[in-house]
Each structure stands twice: as structure tokens, then as C-alpha cells.
Amino acid sequence: MNAGVRKPRALTLRDAFETEFARRELERRAREEAERQQQEADLANAKALHAAVTAEEDFLNSRGLSADVRRYTVSLDHPDFRIAAYFEAGQANVTLSDKRTALSGAAAPRKQQTAESVEDALQVMAQFLADETL
């Protein structure tokens, strides 16, 4: 009567390896997809901040500012200073750099603050701008 019952096959090193390899491959793909989505969100945040910064071009011109966006960074440039917001991992690192005391092309960072959203980054940029124009 035991003729119809099959004995389960013993687990081999190959089976265990292939299972582990497949598990790691799935984890790697999930990490890559999460990173891709985060990069897309950071890029969208940078574009949204740039749109907010450049919404009133006459204001920028009256303050001697120009705005630029490069991938994840939005910058406001003035002959004397640069305010930049760099988006990474869902946050913005906003810096104020002084061009007056730096060698040409290299601005020395004076202030730095982290912002949790586009709105927060815009607020920090406005604060830094007010600090420079008072």
C-alpha cells in the first residue's frame, strides 16, 4: 500500500543556493525600484521649487537674482551670494554661500539648513535671501 506515496526529495546545496540567490535578486530589484522612485520624487520636488522661485520673474530681476535648476538642485544666484536647495532622499539641503570671500567660481558655504518639503525649502530660501538683503 505504500507504493503510491512518494518520499520527498532531500534539499541539496544547489536548491538552497538557487533559493537564496533568487531571494537576493528580488531584494536588489526592490531596492533599485525604491531608489528610482525616490530619485523621481526628488526631481519633481526640484522642478516644483524652481517653478515657485521663478513664478515672479520681475521680483528676481529687481533683486539682481537669476534662478537655475540642474537635476536635483535649484539655485538663486546673485553677484555676492548663492542660495541653493539640493533634494535628496525626500529632503532639501538649503545652503547660503558667499561669493565675496571666495575664489572665483567657488562659493564658501556660510549657512545650511534641512527642509522637509518644497514649501519648507522655499521658506528657508526666502529667509536666507532676507538675511542677505537687510
# chains A, B, ... in the order shown; residues from 1 in each chain; ligands from 1
>>> residues_around(residues="His78 of chain A", least_positions_apart="2", cutoff="9 Å", atoms="only C-alpha atoms", output="list in words")
Arg63, Gly64, Leu65, Ser66, Leu76, Asp80, Phe81, Arg82, Ile83 and Lys99 of chain A
>>> write_last_selection(atoms="N, CA and C atoms", output="JSON list (two decimals), in the first residue's frame")
[["chain", "number", "residue", "atom", "x", "y", "z"],
["A", 63, "ARG", "N", 15.80, 92.17, -7.58],
["A", 63, "ARG", "CA", 16.78, 91.82, -6.55],
["A", 63, "ARG", "C", 18.13, 91.42, -7.13],
["A", 64, "GLY", "N", 18.25, 91.46, -8.46],
["A", 64, "GLY", "CA", 19.51, 91.09, -9.10],
["A", 64, "GLY", "C", 19.78, 89.59, -9.05],
["A", 65, "LEU", "N", 18.70, 88.79, -9.06],
["A", 65, "LEU", "CA", 18.83, 87.34, -8.93],
["A", 65, "LEU", "C", 18.54, 86.63, -10.24],
["A", 66, "SER", "N", 19.18, 85.51, -10.42],
["A", 66, "SER", "CA", 18.83, 84.60, -11.51],
["A", 66, "SER", "C", 18.61, 83.23, -10.90],
["A", 76, "LEU", "N", 19.58, 80.11, -6.62],
["A", 76, "LEU", "CA", 19.36, 81.54, -6.82],
["A", 76, "LEU", "C", 20.74, 82.18, -6.78],
["A", 80, "ASP", "N", 26.87, 88.53, -5.29],
["A", 80, "ASP", "CA", 27.53, 88.40, -4.00],
["A", 80, "ASP", "C", 27.29, 87.08, -3.28],
["A", 81, "PHE", "N", 26.25, 86.35, -3.65],
["A", 81, "PHE", "CA", 25.91, 85.12, -2.93],
["A", 81, "PHE", "C", 25.13, 84.14, -3.80],
["A", 82, "ARG", "N", 25.03, 82.94, -3.32],
["A", 82, "ARG", "CA", 24.23, 81.88, -3.97],
["A", 82, "ARG", "C", 23.42, 81.17, -2.89],
["A", 83, "ILE", "N", 22.15, 80.99, -3.17],
["A", 83, "ILE", "CA", 21.28, 80.18, -2.32],
["A", 83, "ILE", "C", 20.89, 78.97, -3.15],
["A", 99, "LYS", "N", 29.89, 84.63, -2.21],
["A", 99, "LYS", "CA", 30.81, 84.73, -3.34],
["A", 99, "LYS", "C", 31.86, 85.82, -3.13]]
>>> select_by_dssp(residues="segment 53-126 of chain A", states="alpha helix (DSSP H)", output="number ranges by chain")
A: 53, 57-62, 118-126
>>> write_last_selection(atoms="N, CA and C atoms", output="mmCIF file, in the first residue's frame")
data_model
loop_
_atom_site.group_PDB
_atom_site.id
_atom_site.type_symbol
_atom_site.label_atom_id
_atom_site.label_comp_id
_atom_site.auth_asym_id
_atom_site.auth_seq_id
_atom_site.Cartn_x
_atom_site.Cartn_y
_atom_site.Cartn_z
ATOM 1 N N VAL A 53 10.018 79.456 -7.379
ATOM 2 C CA VAL A 53 11.042 80.509 -7.304
ATOM 3 C C VAL A 53 10.941 81.447 -8.508
ATOM 4 N N GLU A 57 9.143 86.627 -12.093
ATOM 5 C CA GLU A 57 10.459 86.972 -12.628
ATOM 6 C C GLU A 57 10.835 88.429 -12.371
ATOM 7 N N ASP A 58 9.850 89.316 -12.332
ATOM 8 C CA ASP A 58 10.159 90.728 -12.053
ATOM 9 C C ASP A 58 10.729 90.897 -10.649
ATOM 10 N N PHE A 59 10.288 90.068 -9.689
ATOM 11 C CA PHE A 59 10.854 90.119 -8.335
ATOM 12 C C PHE A 59 12.326 89.701 -8.372
ATOM 13 N N LEU A 60 12.617 88.625 -9.083
ATOM 14 C CA LEU A 60 14.008 88.168 -9.201
ATOM 15 C C LEU A 60 14.872 89.263 -9.822
ATOM 16 N N ASN A 61 14.391 89.848 -10.901
ATOM 17 C CA ASN A 61 15.159 90.895 -11.585
ATOM 18 C C ASN A 61 15.388 92.098 -10.687
ATOM 19 N N SER A 62 14.374 92.478 -9.910
ATOM 20 C CA SER A 62 14.519 93.653 -9.036
ATOM 21 C C SER A 62 15.547 93.420 -7.926
ATOM 22 N N VAL A 118 8.970 70.957 -0.242
ATOM 23 C CA VAL A 118 9.205 72.053 -1.180
ATOM 24 C C VAL A 118 8.854 73.381 -0.517
ATOM 25 N N GLU A 119 7.737 73.407 0.196
ATOM 26 C CA GLU A 119 7.301 74.639 0.860
ATOM 27 C C GLU A 119 8.317 75.075 1.916
ATOM 28 N N ASP A 120 8.828 74.118 2.686
ATOM 29 C CA ASP A 120 9.845 74.444 3.687
ATOM 30 C C ASP A 120 11.116 74.967 3.029
ATOM 31 N N ALA A 121 11.519 74.349 1.925
ATOM 32 C CA ALA A 121 12.721 74.788 1.214
ATOM 33 C C ALA A 121 12.539 76.206 0.693
ATOM 34 N N LEU A 122 11.363 76.503 0.172
ATOM 35 C CA LEU A 122 11.082 77.853 -0.308
ATOM 36 C C LEU A 122 11.154 78.864 0.841
ATOM 37 N N GLN A 123 10.638 78.483 1.990
ATOM 38 C CA GLN A 123 10.677 79.359 3.165
ATOM 39 C C GLN A 123 12.121 79.618 3.621
ATOM 40 N N VAL A 124 12.931 78.569 3.645
ATOM 41 C CA VAL A 124 14.334 78.728 4.053
ATOM 42 C C VAL A 124 15.075 79.603 3.045
ATOM 43 N N MET A 125 14.819 79.389 1.759
ATOM 44 C CA MET A 125 15.463 80.224 0.743
ATOM 45 C C MET A 125 15.068 81.692 0.943
ATOM 46 N N ALA A 126 13.795 81.943 1.253
ATOM 47 C CA ALA A 126 13.334 83.313 1.497
ATOM 48 C C ALA A 126 14.019 83.911 2.727
#
>>> atom_distance(atom1="atom CA of Ala22 of chain A", atom2="atom CA of Ala41 of chain A")
28.7 Å
>>> closest_residue(among="A:Ala89, A:Ala30, A:Ala130, A:Ala44", to="Ala115 of chain A", atoms="only C-alpha atoms")
A:Ala89
